[in-house]
$ cat data.txt   # compact mmCIF, C-alpha atoms
# COMPACT_ATOMS: atom_id res chain seq x y z
CA MET A 1 -29.23 -145.22 -92.39
CA PHE A 2 -28.68 -145.62 -96.15
CA ASP A 3 -32.14 -144.41 -97.19
CA LEU A 4 -30.79 -141.50 -99.24
CA LEU A 5 -28.56 -143.88 -101.22
CA PHE A 6 -31.38 -146.31 -102.04
CA GLU A 7 -33.65 -143.43 -103.03
CA HIS A 8 -30.89 -142.20 -105.34
CA LEU A 9 -30.44 -145.68 -106.84
CA ALA A 10 -34.19 -145.98 -107.45
CA ARG A 11 -34.13 -142.76 -109.47
CA PHE A 12 -31.88 -144.45 -112.05
CA VAL A 13 -32.37 -148.23 -111.92
CA ARG A 14 -34.54 -151.01 -110.50
CA ILE A 15 -32.85 -153.09 -107.87
CA SER A 16 -34.35 -156.35 -106.56
CA GLU A 17 -34.85 -157.12 -102.87
CA THR A 18 -32.04 -159.73 -103.01
CA GLU A 19 -29.67 -157.25 -104.64
CA ARG A 20 -30.58 -154.68 -102.04
CA GLU A 21 -29.62 -157.13 -99.28
CA ILE A 22 -26.29 -157.91 -100.97
CA LEU A 23 -25.47 -154.22 -101.26
CA LEU A 24 -26.56 -153.48 -97.68
CA ALA A 25 -24.22 -156.21 -96.42
CA LYS A 26 -21.25 -154.62 -98.19
CA LEU A 27 -21.87 -150.90 -97.62
CA ARG A 28 -19.84 -149.30 -94.84
CA TYR A 29 -21.07 -146.35 -92.82
CA LYS A 30 -18.69 -143.70 -91.50
CA LYS A 31 -18.98 -140.44 -89.60
CA VAL A 32 -16.27 -137.97 -90.50
CA SER A 33 -15.46 -134.80 -88.60
CA LYS A 34 -14.86 -131.43 -90.20
CA LYS A 35 -11.34 -131.34 -91.74
CA GLU A 36 -10.92 -135.13 -91.49
CA PHE A 37 -9.26 -136.75 -94.53
CA LEU A 38 -10.67 -139.67 -96.53
CA LEU A 39 -7.75 -139.64 -98.96
CA LYS A 40 -4.40 -137.87 -98.98
CA GLN A 41 -2.26 -137.14 -102.04
CA GLY A 42 0.07 -140.14 -102.55
CA GLN A 43 -2.30 -142.71 -101.02
CA ILE A 44 -4.34 -145.19 -103.03
CA CYS A 45 -8.01 -144.18 -102.97
CA SER A 46 -9.69 -147.02 -101.09
CA GLY A 47 -13.32 -146.02 -101.34
CA ASN A 48 -16.11 -144.62 -103.44
CA TYR A 49 -17.95 -142.26 -101.09
CA PHE A 50 -21.64 -141.35 -101.12
CA VAL A 51 -22.49 -138.33 -99.01
CA LEU A 52 -25.47 -138.92 -96.66
CA SER A 53 -25.05 -135.62 -94.80
CA GLY A 54 -22.47 -132.85 -94.72
CA CYS A 55 -20.03 -131.86 -97.42
CA LEU A 56 -16.73 -133.16 -98.84
CA ARG A 57 -14.22 -131.64 -101.24
CA LEU A 58 -11.60 -133.06 -103.60
CA TYR A 59 -8.51 -130.96 -104.28
CA SER A 60 -4.96 -131.10 -105.58
CA ILE A 61 -1.98 -129.30 -104.10
CA THR A 62 -0.17 -127.13 -106.63
CA GLU A 63 3.60 -126.69 -106.98
CA THR A 64 3.37 -123.49 -104.97
CA GLY A 65 1.57 -125.35 -102.16
CA THR A 66 -1.88 -123.86 -102.65
CA GLU A 67 -5.01 -126.00 -102.76
CA GLN A 68 -6.90 -126.25 -106.03
CA ILE A 69 -10.44 -127.52 -105.38
CA LEU A 70 -11.85 -129.54 -108.29
CA GLN A 71 -15.03 -130.98 -106.81
CA PHE A 72 -17.46 -130.63 -103.92
CA ALA A 73 -19.91 -133.35 -102.85
CA ILE A 74 -23.08 -132.69 -100.86
CA PRO A 75 -25.80 -135.19 -99.85
CA GLY A 76 -26.75 -137.39 -102.81
CA TRP A 77 -23.37 -137.16 -104.57
CA TRP A 78 -20.64 -139.77 -105.00
CA ILE A 79 -17.00 -138.71 -104.78
CA SER A 80 -13.75 -140.61 -105.28
CA ASP A 81 -10.53 -140.48 -107.24
CA TYR A 82 -11.78 -143.04 -109.76
CA HIS A 83 -8.44 -143.22 -111.55
CA SER A 84 -6.66 -144.25 -108.34
CA PHE A 85 -9.60 -146.40 -107.14
CA GLN A 86 -9.91 -148.31 -110.42
CA ASN A 87 -6.22 -148.83 -111.17
CA ASN A 88 -4.93 -149.27 -107.64
CA ILE A 89 -2.37 -146.48 -108.01
CA PRO A 90 -1.43 -143.53 -105.76
CA SER A 91 -3.72 -140.52 -106.04
CA THR A 92 -2.69 -136.98 -106.90
CA TYR A 93 -5.75 -135.69 -105.03
CA THR A 94 -6.91 -135.20 -101.45
CA ILE A 95 -10.49 -135.73 -100.22
CA GLN A 96 -11.46 -133.96 -97.01
CA ALA A 97 -14.63 -133.14 -95.05
CA VAL A 98 -15.59 -129.46 -95.34
CA GLU A 99 -17.99 -129.96 -92.42
CA ASP A 100 -19.04 -132.91 -90.22
CA ALA A 101 -20.39 -135.55 -92.57
CA GLU A 102 -21.90 -139.04 -92.77
CA ILE A 103 -20.96 -141.21 -95.68
CA ALA A 104 -21.70 -144.60 -97.25
CA ILE A 105 -18.63 -146.37 -98.62
CA ILE A 106 -18.09 -148.98 -101.30
CA THR A 107 -14.54 -150.19 -100.68
CA ARG A 108 -12.13 -151.02 -103.48
CA SER A 109 -11.98 -154.62 -102.34
CA ASP A 110 -15.78 -154.98 -102.57
CA ALA A 111 -16.38 -152.99 -105.76
CA ASP A 112 -15.56 -155.65 -108.39
CA GLU A 113 -17.63 -158.30 -106.63
CA LEU A 114 -20.57 -155.91 -106.24
CA PHE A 115 -20.53 -155.05 -109.95
CA GLN A 116 -20.67 -158.79 -110.71
CA GLN A 117 -23.33 -159.67 -108.15
CA ILE A 118 -25.51 -156.64 -108.90
CA PRO A 119 -25.12 -156.04 -112.66
CA VAL A 120 -27.54 -153.11 -112.57
CA LEU A 121 -24.94 -151.17 -110.58
CA ASN A 122 -23.00 -150.92 -113.84
CA ASN A 123 -25.97 -149.19 -115.38
CA TYR A 124 -26.33 -146.88 -112.36
CA PHE A 125 -22.68 -145.81 -112.34
CA ARG A 126 -22.59 -145.56 -116.14
CA LEU A 127 -25.35 -142.95 -115.92
CA LEU A 128 -23.70 -141.17 -112.96
CA MET A 129 -20.27 -141.08 -114.62
CA GLN A 130 -21.90 -139.77 -117.77
CA ARG A 131 -23.51 -136.97 -115.76
CA ALA A 132 -20.25 -136.21 -113.98
CA TYR A 133 -18.45 -136.08 -117.32
CA THR A 134 -20.96 -133.73 -118.94
CA ALA A 135 -20.92 -131.51 -115.82
CA ALA A 136 -17.11 -131.41 -116.04
CA LEU A 137 -17.34 -130.36 -119.71
CA ARG A 138 -19.69 -127.54 -118.73
CA LYS A 139 -17.33 -126.44 -115.97
CA MET A 140 -14.44 -126.53 -118.46
CA GLU A 141 -16.46 -124.34 -120.83
CA LEU A 142 -17.18 -121.95 -117.96
CA LEU A 143 -13.46 -121.68 -117.20
CA LEU A 144 -12.53 -121.15 -120.84
CA VAL A 145 -15.14 -118.67 -122.02
CA THR A 146 -16.76 -116.96 -119.03
CA SER A 147 -15.30 -113.98 -117.18
CA ALA A 148 -14.50 -114.55 -113.49
CA GLU A 149 -17.34 -112.21 -112.53
CA ASP A 150 -19.97 -114.05 -114.59
CA ARG A 151 -18.61 -117.37 -113.38
CA TYR A 152 -19.30 -116.33 -109.79
CA PHE A 153 -22.83 -115.11 -110.55
CA GLN A 154 -23.66 -118.31 -112.42
CA PHE A 155 -22.37 -120.35 -109.48
CA VAL A 156 -24.44 -118.37 -106.95
CA LYS A 157 -27.52 -118.78 -109.13
CA ASN A 158 -27.05 -122.51 -109.79
CA TYR A 159 -25.77 -123.57 -106.37
CA PRO A 160 -27.19 -121.22 -103.72
CA ASP A 161 -26.79 -123.93 -101.03
CA PHE A 162 -23.05 -124.05 -101.55
CA VAL A 163 -22.63 -120.33 -101.10
CA GLN A 164 -24.24 -120.67 -97.66
CA ARG A 165 -22.39 -123.72 -96.41
CA VAL A 166 -18.92 -123.61 -97.98
CA PRO A 167 -16.23 -121.14 -96.81
CA GLN A 168 -15.70 -118.33 -99.30
CA TYR A 169 -12.03 -119.12 -99.91
CA MET A 170 -13.04 -122.62 -101.09
CA ILE A 171 -15.58 -121.22 -103.53
CA ALA A 172 -12.87 -118.89 -104.84
CA SER A 173 -10.52 -121.85 -105.35
CA PHE A 174 -13.19 -123.91 -107.12
CA LEU A 175 -13.95 -121.05 -109.51
CA GLY A 176 -10.29 -120.34 -110.16
CA PHE A 177 -9.73 -116.98 -108.56
CA THR A 178 -8.21 -115.50 -105.42
CA PRO A 179 -10.14 -114.95 -102.15
CA GLU A 180 -9.41 -111.22 -102.53
CA PHE A 181 -11.09 -111.13 -105.93
CA LEU A 182 -14.14 -112.93 -104.47
CA SER A 183 -14.38 -110.39 -101.59
CA MET A 184 -14.35 -107.62 -104.16
CA LEU A 185 -17.16 -109.30 -106.13
CA ARG A 186 -19.26 -109.82 -102.98
CA ALA A 187 -18.83 -106.18 -101.98
CA LYS A 188 -19.99 -105.20 -105.45
CA VAL A 189 -23.12 -107.36 -105.12
CA LYS A 190 -23.90 -105.89 -101.68
CA SER A 191 -23.45 -102.29 -102.71
CA ALA A 192 -25.73 -102.92 -105.68
CA GLY A 193 -28.36 -104.19 -103.20
CA HIS A 194 -28.59 -107.66 -104.72
CA SER A 195 -28.17 -109.50 -101.41
CA MET B 1 -14.98 -152.78 -140.78
CA PHE B 2 -15.60 -152.49 -137.04
CA ASP B 3 -12.42 -154.34 -135.97
CA LEU B 4 -11.05 -151.39 -134.03
CA LEU B 5 -14.27 -151.14 -132.03
CA PHE B 6 -14.32 -154.83 -131.09
CA GLU B 7 -10.63 -154.70 -130.14
CA HIS B 8 -11.44 -151.73 -127.91
CA LEU B 9 -14.38 -153.57 -126.32
CA ALA B 10 -12.18 -156.62 -125.64
CA ARG B 11 -9.72 -154.45 -123.72
CA PHE B 12 -12.43 -153.71 -121.13
CA VAL B 13 -15.02 -156.50 -121.14
CA ARG B 14 -15.78 -159.99 -122.45
CA ILE B 15 -18.50 -160.13 -125.04
CA SER B 16 -20.06 -163.41 -126.22
CA GLU B 17 -20.39 -164.39 -129.88
CA THR B 18 -24.18 -163.90 -129.69
CA GLU B 19 -23.79 -160.45 -128.17
CA ARG B 20 -21.26 -159.58 -130.85
CA GLU B 21 -23.80 -160.50 -133.53
CA ILE B 22 -26.50 -158.39 -131.87
CA LEU B 23 -24.19 -155.39 -131.71
CA LEU B 24 -22.98 -155.86 -135.30
CA ALA B 25 -26.58 -155.86 -136.52
CA LYS B 26 -27.25 -152.50 -134.84
CA LEU B 27 -24.02 -150.62 -135.50
CA ARG B 28 -24.12 -148.11 -138.35
CA TYR B 29 -21.11 -147.23 -140.45
CA LYS B 30 -20.60 -143.74 -141.86
CA LYS B 31 -17.95 -141.93 -143.87
CA VAL B 32 -17.80 -138.24 -143.08
CA SER B 33 -15.91 -135.64 -145.08
CA LYS B 34 -13.69 -132.98 -143.59
CA LYS B 35 -15.85 -130.17 -142.11
CA GLU B 36 -19.05 -132.30 -142.24
CA PHE B 37 -21.30 -131.97 -139.19
CA LEU B 38 -22.61 -134.85 -137.07
CA LEU B 39 -24.42 -132.52 -134.69
CA LYS B 40 -25.22 -128.82 -134.77
CA GLN B 41 -25.98 -126.62 -131.78
CA GLY B 42 -29.77 -126.73 -131.22
CA GLN B 43 -30.25 -130.24 -132.62
CA ILE B 44 -30.82 -133.34 -130.51
CA CYS B 45 -27.70 -135.51 -130.56
CA SER B 46 -28.82 -138.68 -132.33
CA GLY B 47 -25.69 -140.80 -132.05
CA ASN B 48 -22.80 -142.00 -129.95
CA TYR B 49 -19.85 -141.95 -132.35
CA PHE B 50 -16.79 -144.19 -132.29
CA VAL B 51 -13.95 -142.97 -134.49
CA LEU B 52 -12.53 -145.72 -136.76
CA SER B 53 -10.29 -143.33 -138.72
CA GLY B 54 -9.83 -139.57 -138.92
CA CYS B 55 -10.59 -136.98 -136.29
CA LEU B 56 -13.69 -135.25 -134.88
CA ARG B 57 -14.11 -132.29 -132.57
CA LEU B 58 -16.84 -131.10 -130.20
CA TYR B 59 -17.21 -127.37 -129.62
CA SER B 60 -19.56 -124.70 -128.38
CA ILE B 61 -20.13 -121.31 -129.94
CA THR B 62 -19.58 -118.45 -127.50
CA GLU B 63 -21.66 -115.27 -127.20
CA THR B 64 -19.09 -113.45 -129.32
CA GLY B 65 -19.39 -116.09 -132.05
CA THR B 66 -16.04 -117.79 -131.55
CA GLU B 67 -15.68 -121.57 -131.34
CA GLN B 68 -14.59 -123.07 -128.04
CA ILE B 69 -13.31 -126.61 -128.61
CA LEU B 70 -13.92 -128.91 -125.62
CA GLN B 71 -12.99 -132.32 -127.02
CA PHE B 72 -11.20 -134.04 -129.88
CA ALA B 73 -11.73 -137.69 -130.83
CA ILE B 74 -9.22 -139.76 -132.80
CA PRO B 75 -9.41 -143.49 -133.67
CA GLY B 76 -10.43 -145.53 -130.64
CA TRP B 77 -12.41 -142.74 -128.96
CA TRP B 78 -16.15 -142.31 -128.47
CA ILE B 79 -17.68 -138.85 -128.78
CA SER B 80 -21.22 -137.55 -128.27
CA ASP B 81 -23.16 -134.95 -126.36
CA TYR B 82 -24.29 -137.48 -123.76
CA HIS B 83 -26.54 -134.97 -122.01
CA SER B 84 -28.51 -134.36 -125.19
CA PHE B 85 -28.30 -138.03 -126.30
CA GLN B 86 -29.51 -139.39 -122.96
CA ASN B 87 -32.25 -136.87 -122.24
CA ASN B 88 -33.48 -136.27 -125.75
CA ILE B 89 -32.99 -132.51 -125.53
CA PRO B 90 -31.35 -129.96 -127.87
CA SER B 91 -27.59 -129.79 -127.65
CA THR B 92 -25.52 -126.70 -126.92
CA TYR B 93 -22.58 -128.28 -128.78
CA THR B 94 -21.52 -128.95 -132.36
CA ILE B 95 -19.65 -132.09 -133.52
CA GLN B 96 -17.71 -131.78 -136.77
CA ALA B 97 -15.07 -133.75 -138.71
CA VAL B 98 -11.63 -132.11 -138.51
CA GLU B 99 -10.52 -134.36 -141.39
CA ASP B 100 -12.13 -137.14 -143.46
CA ALA B 101 -13.27 -139.78 -141.02
CA GLU B 102 -14.97 -143.17 -140.70
CA ILE B 103 -17.19 -143.75 -137.72
CA ALA B 104 -19.29 -146.45 -136.06
CA ILE B 105 -22.60 -145.19 -134.68
CA ILE B 106 -24.91 -146.37 -131.94
CA THR B 107 -28.11 -144.45 -132.57
CA ARG B 108 -30.25 -143.04 -129.78
CA SER B 109 -33.14 -145.26 -130.81
CA ASP B 110 -30.97 -148.41 -130.51
CA ALA B 111 -29.03 -147.50 -127.38
CA ASP B 112 -31.55 -148.49 -124.68
CA GLU B 113 -32.28 -151.82 -126.34
CA LEU B 114 -28.56 -152.57 -126.75
CA PHE B 115 -27.89 -151.86 -123.08
CA GLN B 116 -30.65 -154.34 -122.20
CA GLN B 117 -29.66 -157.02 -124.69
CA ILE B 118 -25.92 -156.74 -124.00
CA PRO B 119 -25.66 -155.93 -120.27
CA VAL B 120 -21.86 -155.92 -120.41
CA LEU B 121 -22.07 -152.73 -122.50
CA ASN B 122 -23.08 -150.99 -119.27
CA ASN B 123 -19.81 -152.12 -117.75
CA TYR B 124 -17.86 -150.99 -120.84
CA PHE B 125 -19.39 -147.52 -120.94
CA ARG B 126 -19.19 -147.18 -117.13
CA LEU B 127 -15.42 -147.62 -117.41
CA LEU B 128 -15.15 -145.30 -120.43
CA MET B 129 -17.27 -142.57 -118.84
CA GLN B 130 -15.17 -142.89 -115.70
CA ARG B 131 -12.02 -142.36 -117.77
CA ALA B 132 -13.55 -139.44 -119.63
CA TYR B 133 -14.55 -137.88 -116.30
CA THR B 134 -11.11 -138.25 -114.73
CA ALA B 135 -9.49 -136.89 -117.91
CA ALA B 136 -11.86 -133.90 -117.76
CA LEU B 137 -10.86 -133.28 -114.11
CA ARG B 138 -7.19 -133.29 -115.13
CA LYS B 139 -7.90 -130.86 -117.97
CA MET B 140 -9.79 -128.64 -115.51
CA GLU B 141 -6.79 -128.71 -113.17
CA LEU B 142 -4.53 -127.80 -116.11
CA LEU B 143 -6.73 -124.81 -116.93
CA LEU B 144 -6.86 -123.66 -113.32
CA VAL B 145 -3.28 -124.02 -112.18
CA THR B 146 -0.97 -124.27 -115.19
CA SER B 147 0.35 -121.29 -117.15
CA ALA B 148 -0.65 -121.15 -120.83
CA GLU B 149 2.96 -121.85 -121.82
CA ASP B 150 3.28 -124.99 -119.67
CA ARG B 151 -0.17 -126.10 -120.79
CA TYR B 152 1.02 -126.07 -124.40
CA PHE B 153 4.24 -127.97 -123.64
CA GLN B 154 2.34 -130.61 -121.67
CA PHE B 155 -0.09 -131.01 -124.55
CA VAL B 156 2.72 -131.42 -127.12
CA LYS B 157 4.42 -133.97 -124.89
CA ASN B 158 1.28 -135.98 -124.12
CA TYR B 159 -0.41 -135.79 -127.52
CA PRO B 160 2.29 -135.45 -130.23
CA ASP B 161 -0.09 -136.95 -132.85
CA PHE B 162 -2.58 -134.14 -132.38
CA VAL B 163 0.00 -131.44 -132.94
CA GLN B 164 0.73 -132.99 -136.36
CA ARG B 165 -2.83 -133.57 -137.52
CA VAL B 166 -4.97 -130.81 -136.01
CA PRO B 167 -4.83 -127.20 -137.30
CA GLN B 168 -2.99 -124.91 -134.91
CA TYR B 169 -5.93 -122.59 -134.31
CA MET B 170 -7.95 -125.56 -133.03
CA ILE B 171 -5.21 -126.54 -130.57
CA ALA B 172 -5.15 -122.93 -129.38
CA SER B 173 -8.92 -123.02 -128.81
CA PHE B 174 -8.75 -126.34 -126.96
CA LEU B 175 -6.05 -125.02 -124.63
CA GLY B 176 -7.84 -121.74 -124.05
CA PHE B 177 -5.64 -119.18 -125.76
CA THR B 178 -5.55 -117.15 -128.95
CA PRO B 179 -3.92 -118.39 -132.21
CA GLU B 180 -1.52 -115.42 -131.93
CA PHE B 181 -0.33 -116.56 -128.52
CA LEU B 182 0.24 -120.07 -129.89
CA SER B 183 2.31 -118.70 -132.83
CA MET B 184 4.43 -116.82 -130.33
CA LEU B 185 4.99 -120.01 -128.29
CA ARG B 186 5.90 -122.03 -131.39
CA ALA B 187 8.39 -119.37 -132.50
CA LYS B 188 9.92 -119.52 -129.04
CA VAL B 189 10.28 -123.32 -129.25
CA LYS B 190 11.87 -123.06 -132.72
CA SER B 191 14.34 -120.34 -131.79
CA ALA B 192 15.35 -122.37 -128.74
CA GLY B 193 16.07 -125.28 -131.12
CA HIS B 194 13.60 -127.65 -129.51
CA SER B 195 11.97 -128.68 -132.76
$ encode --input "data.txt" --output "C-alpha cells"
Amino acid sequence: MFDLLFEHLARFVRISETEREILLAKLRYKKVSKKEFLLKQGQICSGNYFVLSGCLRLYSITETGTEQILQFAIPGWWISDYHSFQNNIPSTYTIQAVEDAEIAIITRSDADELFQQIPVLNNYFRLLMQRAYTAALRKMELLLVTSAEDRYFQFVKNYPDFVQRVPQYMIASFLGFTPEFLSMLRAKVKSAGHS
Amino acid sequence: MFDLLFEHLARFVRISETEREILLAKLRYKKVSKKEFLLKQGQICSGNYFVLSGCLRLYSITETGTEQILQFAIPGWWISDYHSFQNNIPSTYTIQAVEDAEIAIITRSDADELFQQIPVLNNYFRLLMQRAYTAALRKMELLLVTSAEDRYFQFVKNYPDFVQRVPQYMIASFLGFTPEFLSMLRAKVKSAGHS
C-alpha cells in the first residue's frame, strides 16, 4: 500500500527494519475523491501528505476571489502547508484533489514523535525541503524573467504529464496568466503543427 | 566569533558540548569586502554561508545580461545554491557581498561528515529549509497576485532594514520591476507625506 513511499525514502536515506515498522504503524492511508479538500483556508493544516496516486493542488484565494495555484503534487511528492503544520496556526492555503487520489499521511500529532524515533527522517525531509526550496527559486526566476509564452513552453517541455492530466485553467493559474491567454498560446502551437 | 550562529542553532535544536566542539573545529570564518564574490555562475558552490554581519545577495544573469536578484541574506540567515552544493554541479547563480560582511562557512567537503557526526544538524536544516520554502511560496504568491505598487509597500513594511541598507536598484530587481518604476513609487510616497 505504501510501497511508493518506501521506495522514495530509500532513494534518499537508509531506514532500518525496526524504523520501517514504527513508520508503518503511524502512517495513515486515505482515498480522496476529485475536488475533495484536505485543507481549507483558515483551518490548521493537520497532515503532511504523500501522493500515492492521483493529483493534488495547493492554492490561495485572492482578494478578488480567484484561485492562485502555487503547487501541484503527483505520485511521489509530499504536499502540506508546512508553516501551518509546524506552528499550529491557521493556513492561508487550500489543498484539494484535482482527480481521485490515494495518499499517505503523517499527522501533526505524530510528526514530532516520528522525527525523534526515526532520526533519519530529519535527513530525508531536509533533502526534500532543500529540493522544494530550490525548485521554488527556479519558479520565482521563471516568473520574474521569462515571458508568459516561454514560461508555458518550458512547462510543457519539463512536465508533459501535467499538461495531459491537469485542467488547462489550472495550468494557466499556476503559470500566472489567464485561461484565455493559454487558449491563445495552444492555438498558436497547433497552427504551427507542433502538437 | 560564531556567537550569532550558536544562538541561532539554540533557537531550533539542542546541541551538546561535544557536538559544539566538533562544529567549531569545522566552521570557517571569512571576511568579505563589498562586491566580493562567494560564487560565480558556472562554478560549483563550495559553501553554505551563514551571515554574521553585513549583507549578501544571490542572483542570476538573464539572457539580456541583467541581474535578477532572488535572495538577500542579512545576519542570522544562511545562503547557498543548495542544488549546486548538494549535487556537486555548476551553479546558475552568483553570490556576492552587497556590503562588507563576515560569514561562517560549512564547506561542501565537511558537510556530509558534519551531518553524520552531529545528527541534530539535520533537524536544524530541515526546519530552516522548510522556512525558506514557505517564504519562497509567499514570495511567489506576491509576484503572481500582487500589483507592483502593493508589492513594494509590503516589502517596506515587512523589511524596513533592507530599504535602508540595500541599494534601490537591487530592491527593484528583487521585486521584479525596473529602477525607474521604483523611483516613481518612492516619489509618490514622498509627495503623499508618508516618509
$ interface_residues --input "data.txt" --of "chain B" --to "chain A" --cutoff "6 Å" --atoms "only C-alpha atoms" --output "list in words"
Asn122, Asn123, Arg126, Met129, Gln130, Tyr133, Met140, Leu144 and Gly176 of chain B
$ write_last_selection --input "data.txt" --atoms "C-alpha atoms" --output "PDB file, keeping the file's coordinate frame"
ATOM      1  CA  ASN B 122     -23.080-150.990-119.270  1.00  0.00           C
ATOM      2  CA  ASN B 123     -19.810-152.120-117.750  1.00  0.00           C
ATOM      3  CA  ARG B 126     -19.190-147.180-117.130  1.00  0.00           C
ATOM      4  CA  MET B 129     -17.270-142.570-118.840  1.00  0.00           C
ATOM      5  CA  GLN B 130     -15.170-142.890-115.700  1.00  0.00           C
ATOM      6  CA  TYR B 133     -14.550-137.880-116.300  1.00  0.00           C
ATOM      7  CA  MET B 140      -9.790-128.640-115.510  1.00  0.00           C
ATOM      8  CA  LEU B 144      -6.860-123.660-113.320  1.00  0.00           C
ATOM      9  CA  GLY B 176      -7.840-121.740-124.050  1.00  0.00           C
TER      10      GLY B 176
END
$ residues_around --input "data.txt" --residues "Tyr169 of chain B" --least-positions-apart "6" --cutoff "9 Å" --atoms "only C-alpha atoms" --output "number ranges by chain"
B: 178-180, 182
$ write_last_selection --input "data.txt" --atoms "C-alpha atoms" --output "PDB file, in the frame of the given file"
ATOM      1  CA  THR B 178      -5.550-117.150-128.950  1.00  0.00           C
ATOM      2  CA  PRO B 179      -3.920-118.390-132.210  1.00  0.00           C
ATOM      3  CA  GLU B 180      -1.520-115.420-131.930  1.00  0.00           C
ATOM      4  CA  LEU B 182       0.240-120.070-129.890  1.00  0.00           C
TER       5      LEU B 182
END
$ atom_distance --input "data.txt" --atom1 "atom CA of Arg57 of chain B" --atom2 "atom CA of Arg165 of chain B"
12.4 Å
$ atom_distance --input "data.txt" --atom1 "atom CA of Tyr49 of chain A" --atom2 "atom CA of Leu142 of chain A"
26.4 Å
$ atom_distance --input "data.txt" --atom1 "atom CA of Glu7 of chain B" --atom2 "atom CA of Val163 of chain B"
25.7 Å
$ closest_residue --input "data.txt" --among "A:Lys35, A:Cys55, A:Phe50, A:Ile118" --to "Glu17 of chain A" --atoms "all atoms listed in the file"
A:Ile118
$ residues_around --input "data.txt" --residues "Phe72 of chain B" --least-positions-apart "6" --cutoff "10 Å" --atoms "only C-alpha atoms" --output "mmCIF file with C-alpha atoms, in the frame of the given file"
data_model
loop_
_atom_site.group_PDB
_atom_site.id
_atom_site.type_symbol
_atom_site.label_atom_id
_atom_site.label_comp_id
_atom_site.auth_asym_id
_atom_site.auth_seq_id
_atom_site.Cartn_x
_atom_site.Cartn_y
_atom_site.Cartn_z
ATOM 1 C CA CYS B 55 -10.590 -136.980 -136.290
ATOM 2 C CA LEU B 56 -13.690 -135.250 -134.880
ATOM 3 C CA ARG B 57 -14.110 -132.290 -132.570
ATOM 4 C CA LEU B 58 -16.840 -131.100 -130.200
ATOM 5 C CA TYR B 59 -17.210 -127.370 -129.620
ATOM 6 C CA TRP B 78 -16.150 -142.310 -128.470
ATOM 7 C CA ILE B 79 -17.680 -138.850 -128.780
ATOM 8 C CA ILE B 95 -19.650 -132.090 -133.520
ATOM 9 C CA GLN B 96 -17.710 -131.780 -136.770
ATOM 10 C CA ALA B 97 -15.070 -133.750 -138.710
ATOM 11 C CA VAL B 98 -11.630 -132.110 -138.510
ATOM 12 C CA PHE B 162 -2.580 -134.140 -132.380
ATOM 13 C CA VAL B 166 -4.970 -130.810 -136.010
ATOM 14 C CA MET B 170 -7.950 -125.560 -133.030
ATOM 15 C CA ILE B 171 -5.210 -126.540 -130.570
ATOM 16 C CA PHE B 174 -8.750 -126.340 -126.960
#
$ residues_near_point --input "data.txt" --point "(-1.6, -137.7, -99.4)" --cutoff "9 Å" --atoms "all atoms listed in the file" --output "MDAnalysis selection string"
chainID A and resid 39:44 90:94
$ closest_residue --input "data.txt" --among "A:Glu113, A:Glu149, A:Asp161, A:Glu36" --to "Pro75 of chain A" --atoms "all atoms listed in the file"
A:Asp161
$ build_atoms --input "data.txt" --residues "segment 59-70 of chain A" --atoms "N, CA and C atoms" --output "mmCIF file, in the frame of the given file"
data_model
loop_
_atom_site.group_PDB
_atom_site.id
_atom_site.type_symbol
_atom_site.label_atom_id
_atom_site.label_comp_id
_atom_site.auth_asym_id
_atom_site.auth_seq_id
_atom_site.Cartn_x
_atom_site.Cartn_y
_atom_site.Cartn_z
ATOM 1 N N TYR A 59 -9.419 -131.997 -103.785
ATOM 2 C CA TYR A 59 -8.510 -130.960 -104.280
ATOM 3 C C TYR A 59 -7.122 -131.516 -104.564
ATOM 4 N N SER A 60 -6.367 -130.772 -105.363
ATOM 5 C CA SER A 60 -4.960 -131.100 -105.580
ATOM 6 C C SER A 60 -4.133 -129.995 -104.946
ATOM 7 N N ILE A 61 -2.870 -130.305 -104.677
ATOM 8 C CA ILE A 61 -1.980 -129.300 -104.100
ATOM 9 C C ILE A 61 -0.998 -128.885 -105.195
ATOM 10 N N THR A 62 -0.976 -127.598 -105.499
ATOM 11 C CA THR A 62 -0.170 -127.130 -106.630
ATOM 12 C C THR A 62 1.307 -127.049 -106.230
ATOM 13 N N GLU A 63 2.152 -126.788 -107.233
ATOM 14 C CA GLU A 63 3.600 -126.690 -106.980
ATOM 15 C C GLU A 63 3.927 -125.619 -105.947
ATOM 16 N N THR A 64 3.105 -124.572 -105.914
ATOM 17 C CA THR A 64 3.370 -123.490 -104.970
ATOM 18 C C THR A 64 2.723 -123.772 -103.604
ATOM 19 N N GLY A 65 2.113 -124.957 -103.452
ATOM 20 C CA GLY A 65 1.570 -125.350 -102.160
ATOM 21 C C GLY A 65 0.144 -124.901 -101.892
ATOM 22 N N THR A 66 -0.490 -124.259 -102.869
ATOM 23 C CA THR A 66 -1.880 -123.860 -102.650
ATOM 24 C C THR A 66 -2.818 -125.009 -103.043
ATOM 25 N N GLU A 67 -4.017 -124.957 -102.470
ATOM 26 C CA GLU A 67 -5.010 -126.000 -102.760
ATOM 27 C C GLU A 67 -5.861 -125.601 -103.961
ATOM 28 N N GLN A 68 -5.997 -126.502 -104.909
ATOM 29 C CA GLN A 68 -6.900 -126.250 -106.030
ATOM 30 C C GLN A 68 -8.089 -127.201 -105.932
ATOM 31 N N ILE A 69 -9.249 -126.676 -105.524
ATOM 32 C CA ILE A 69 -10.440 -127.520 -105.380
ATOM 33 C C ILE A 69 -11.026 -127.838 -106.751
ATOM 34 N N LEU A 70 -11.291 -129.123 -106.997
ATOM 35 C CA LEU A 70 -11.850 -129.540 -108.290
ATOM 36 C C LEU A 70 -13.284 -130.038 -108.166
#
